[in-house]
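Novice: The following file, structure.txt, comprises compact mmCIF, C-alpha atoms:
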# COMPACT_ATOMS: atom_id res chain seq x y z
CA MET I 26 52.03 -61.41 -0.70
CA PRO I 27 52.70 -57.93 -2.13
CA VAL I 28 52.88 -57.49 -5.88
CA LYS I 29 56.28 -56.55 -7.24
CA PRO I 30 56.24 -53.47 -9.44
CA THR I 31 57.09 -54.14 -13.05
CA PRO I 32 58.12 -51.69 -15.76
CA ALA I 33 54.54 -51.73 -17.01
CA HIS I 34 53.31 -50.38 -13.65
CA ASN I 35 55.71 -47.45 -13.86
CA LEU I 36 54.42 -46.18 -17.19
CA ALA I 37 52.49 -42.95 -17.12
CA PRO I 38 48.85 -43.37 -18.15
CA ARG I 39 48.44 -42.88 -21.87
CA SER I 40 46.06 -40.14 -22.80
CA ILE I 41 43.41 -41.23 -25.23
CA SER I 42 41.43 -38.70 -27.12
CA ARG I 43 37.67 -38.98 -27.03
CA LEU I 44 37.51 -39.95 -30.72
CA ASP I 45 40.10 -42.69 -30.20
CA ALA I 46 38.10 -44.04 -27.31
CA LEU I 47 34.94 -44.05 -29.42
CA ASP I 48 36.75 -45.79 -32.28
CA GLN I 49 37.98 -48.46 -29.92
CA ALA I 50 34.54 -48.94 -28.37
CA SER I 51 32.48 -48.90 -31.55
CA PRO I 52 33.21 -52.45 -32.83
CA ARG I 53 32.25 -53.87 -29.45
CA SER I 54 29.14 -51.71 -29.18
CA CYS I 55 28.13 -52.54 -32.77
CA ALA I 56 28.47 -56.24 -32.02
CA PHE I 57 26.48 -55.75 -28.82
CA GLN I 58 23.79 -53.80 -30.68
CA ASN I 59 23.58 -56.49 -33.40
CA SER I 60 23.26 -59.22 -30.79
CA ILE I 61 20.43 -57.32 -29.10
CA GLU I 62 18.61 -56.79 -32.38
CA SER I 63 18.90 -60.45 -33.33
CA SER I 64 17.34 -61.42 -30.01
CA PRO I 65 13.75 -62.65 -30.29
CA LEU I 66 12.83 -60.04 -27.67
CA ALA I 67 13.62 -57.30 -30.20
CA TRP I 68 11.74 -58.83 -33.11
CA TRP I 69 8.69 -56.65 -32.53
CA ARG I 70 10.81 -53.62 -33.51
CA THR I 71 13.24 -55.16 -35.99
CA ARG I 72 11.30 -57.61 -38.17
CA LEU I 73 8.56 -57.25 -40.72
CA PRO I 74 5.24 -58.77 -39.68
CA GLN I 75 5.23 -61.15 -42.64
CA ASP I 76 8.63 -62.51 -41.57
CA LEU I 77 7.15 -63.87 -38.34
CA ASP I 78 5.04 -66.98 -37.89
CA ARG I 79 3.61 -69.21 -35.19
CA GLN I 80 6.88 -71.15 -34.91
CA ASP I 81 8.51 -68.02 -33.49
CA VAL I 82 6.11 -68.00 -30.53
CA LYS I 83 7.98 -70.89 -28.88
CA ARG I 84 11.32 -69.10 -29.05
CA ILE I 85 9.91 -65.82 -27.77
CA ARG I 86 7.92 -67.42 -24.94
CA ALA I 87 10.93 -69.45 -23.81
CA LEU I 88 12.89 -66.21 -23.42
CA LEU I 89 9.98 -64.46 -21.73
CA LEU I 90 9.75 -67.16 -19.10
CA ARG I 91 13.52 -67.04 -18.46
CA ALA I 92 13.75 -63.24 -18.45
CA GLU I 93 13.59 -61.15 -15.31
CA PRO I 94 9.87 -60.98 -14.55
CA ILE I 95 8.15 -57.65 -14.89
CA ASN I 96 6.87 -56.39 -11.56
CA ASP I 97 3.21 -56.55 -12.50
CA CYS I 98 0.50 -58.79 -11.09
CA ASP I 99 -0.57 -59.78 -14.64
CA TRP I 100 2.91 -60.66 -15.91
CA LEU I 101 2.66 -64.45 -15.67
CA ARG I 102 -0.65 -64.46 -17.55
CA ALA I 103 0.82 -62.06 -20.14
CA ALA I 104 3.93 -64.18 -20.68
CA THR I 105 1.87 -67.34 -21.11
CA GLY I 106 -0.55 -66.03 -23.72
CA ASP I 107 -3.38 -64.02 -22.18
CA SER I 108 -3.69 -61.22 -24.73
CA ALA I 109 -5.63 -58.83 -22.49
CA ALA I 110 -3.03 -59.20 -19.75
CA ALA I 111 -0.16 -58.80 -22.24
CA ILE I 112 -1.64 -55.60 -23.65
CA GLY I 113 -2.30 -54.21 -20.17
CA VAL I 114 1.22 -54.96 -18.98
CA ALA I 115 2.75 -53.49 -22.14
CA ILE I 116 0.73 -50.29 -21.83
CA ARG I 117 1.85 -49.86 -18.21
CA VAL I 118 5.49 -50.58 -19.09
CA LEU I 119 5.40 -48.11 -21.99
CA LYS I 120 3.87 -45.48 -19.72
CA PHE I 121 6.29 -45.84 -16.82
CA HIS I 122 9.52 -47.00 -18.51
CA GLY I 123 9.38 -45.48 -21.99
CA MET I 124 10.62 -46.75 -25.32
CA THR I 125 14.28 -47.39 -24.61
CA ASP I 126 14.00 -49.55 -21.49
CA SER I 127 14.72 -53.27 -21.84
CA LEU I 128 11.42 -54.03 -20.09
CA THR I 129 9.65 -52.54 -23.10
CA ASP I 130 11.13 -55.23 -25.35
CA VAL I 131 10.04 -57.92 -22.92
CA ALA I 132 6.48 -56.61 -22.59
CA MET I 133 6.08 -55.95 -26.32
CA SER I 134 7.38 -59.44 -27.09
CA ALA I 135 4.50 -60.87 -25.08
CA VAL I 136 2.16 -58.75 -27.21
CA LEU I 137 3.91 -59.98 -30.36
CA CYS I 138 3.24 -63.58 -29.33
CA CYS I 139 -0.45 -62.73 -29.00
CA PHE I 140 -0.38 -61.20 -32.49
CA LEU I 141 1.20 -64.36 -33.86
CA GLU I 142 -1.62 -66.32 -32.23
CA ASP I 143 -4.16 -64.22 -34.19
CA ASP I 144 -5.15 -61.61 -31.62
CA GLY I 145 -6.32 -58.49 -33.46
CA ALA I 146 -6.01 -56.04 -30.57
CA SER I 147 -2.30 -56.69 -30.21
CA THR I 148 -1.76 -55.34 -33.74
CA ALA I 149 -3.07 -51.95 -32.65
CA LEU I 150 -0.65 -51.75 -29.73
CA ILE I 151 2.34 -52.79 -31.85
CA ARG I 152 1.42 -50.14 -34.43
CA SER I 153 1.10 -47.52 -31.70
CA ALA I 154 4.42 -48.43 -30.09
CA LEU I 155 6.24 -48.38 -33.44
CA ARG I 156 4.66 -45.02 -34.27
CA ARG I 157 5.95 -43.62 -30.97
CA ARG I 158 9.34 -45.29 -31.40
CA ARG I 159 9.90 -43.86 -34.89
CA LYS I 160 10.93 -40.60 -33.24
CA ILE I 161 14.10 -42.26 -31.95
CA ASP I 162 14.64 -45.02 -34.55
CA ARG I 163 14.23 -44.55 -38.29
CA ARG I 164 13.73 -48.28 -38.90
CA SER I 165 10.67 -48.17 -36.65
CA HIS I 166 9.05 -45.76 -39.09
CA ASP I 167 9.48 -48.23 -41.95
CA LEU I 168 8.16 -51.07 -39.80
CA TRP I 169 5.23 -48.94 -38.71
CA LEU I 170 4.32 -48.43 -42.37
CA HIS I 171 4.34 -52.21 -42.92
CA TRP I 172 2.23 -52.86 -39.83
CA ARG I 173 -0.17 -50.08 -40.83
CA ASN I 174 -0.59 -51.05 -44.47
CA ASP I 175 -0.41 -54.83 -44.50
CA PRO I 176 -3.64 -56.75 -43.97
CA PHE I 177 -3.40 -59.43 -41.33
Can you dump the structure from the file as structure tokens?
Specialist:
Amino acid sequence: MPVKPTPAHNLAPRSISRLDALDQASPRSCAFQNSIESSPLAWWRTRLPQDLDRQDVKRIRALLLRAEPINDCDWLRAATGDSAAAIGVAIRVLKFHGMTDSLTDVAMSAVLCCFLEDDGASTALIRSALRRRRKIDRRSHDLWLHWRNDPF
């Protein structure tokens, strides 16, 4: 059945300036950005190391196992707690996908779980990733200083 035209269909498209469009989009994008940063998969780049504990491992691992798997032969071992596999996967993801890809958060979250389970090598990779990330995110610089200076 054809749709009958209504007066709303006959209106000329309203021109929206670029600034108006950005103003309309910013509350939604801010809410989206806040929801991403509150996700346990972003904790490696948004929380201080002393704010994390072993209880957080369960929440992060649950998300890791439900997330889209990383196309790497070591991913299952990395997601379930093998620190060498987690570090290897994260290094490969950082190399091929960079800092802003969502896979980076997933891979670095596996490394964060290893840190929370007292793996010393994972601390070095988190420090390195935050040092590299500070070029695009000022908060990463502050976090890097905490990871660098705090004894674990």
Novice: Looking at all atoms listed in the file, which of I:Pro65, I:Ala149, I:Gly123, I:Leu170 is the one that sits closest to Ala92 of chain I?
Specialist: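 For Ala92 of chain I, the nearest of the candidates is I:Pro65.
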Novice: Between I:Asp167, I:Asp76, I:Ala104, I:Leu119, which has the minimum distance to Leu90 of chain I (counting all atoms listed in the file)?
Specialist: I:Ala104
Novice: Interatomic distance between atom CA of Asp81 of chain I and atom CA of Thr125 of chain I?
Specialist: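 It comes out at 23.2 Å.
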Novice: Taking into account only C-alpha atoms, which residue in the set I:Ile85, I:Leu155, I:Leu66, I:Ala146 is nearest to Val131 of chain I?
Specialist: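 Using only C-alpha atoms, Val131 of chain I sits closest to I:Leu66.
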Novice: Mind giving me the straight-line distance from atom CA of Glu142 of chain I to atom CA of Ala87 of chain I in Å, one decimal?
Specialist: 15.4 Å
Novice: Please list as a list of chain:residue names every residue within 9 Å of Val118 of chain I, counting only C-alpha atoms and excluding residues in the same chain fewer than 3 positions away.
Specialist: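 Residues meeting the cut-off are I:Ile95, I:Gly113, I:Val114, I:Ala115, I:Phe121, I:His122, I:Gly123, I:Met124, I:Asp126, I:Leu128, I:Thr129, I:Ala132.
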Novice: One number please: atom CA of Ala110 of chain I to atom CA of Arg158 of chain I, in Å, one decimal.
Specialist: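 Computing the Euclidean distance for atom CA of Ala110 of chain I and atom CA of Arg158 of chain I yields 22.0 Å.
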Novice: From the list I:Lys120, I:Arg163, I:Arg102, I:Arg152, which residue is nearest Pro74 of chain I when using all atoms listed in the file?
Specialist: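 Result for the nearest residue to Pro74 of chain I: I:Arg152.
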Novice: Give as a ChimeraX atom specification every residue, naming chains and numbers as the document does, that has an atom within 10 Å of (6.5, -61.8, -27.2), counting only C-alpha atoms.
Specialist: /I:65-69,81-89,103-106,111,130-141
Novice: Would you compute the box with edges along x, y and z of the file around segment 68-80 of chain I, including every atom the file lists for it and 5 Å extra on each side, and give its centre and edge lengths in Å to one decimal, as lines of an AutoDock Vina configuration file?
Specialist:
center_x = 8.4
center_y = -62.4
center_z = -37.6
size_x = 19.6
size_y = 27.5
size_z = 20.1
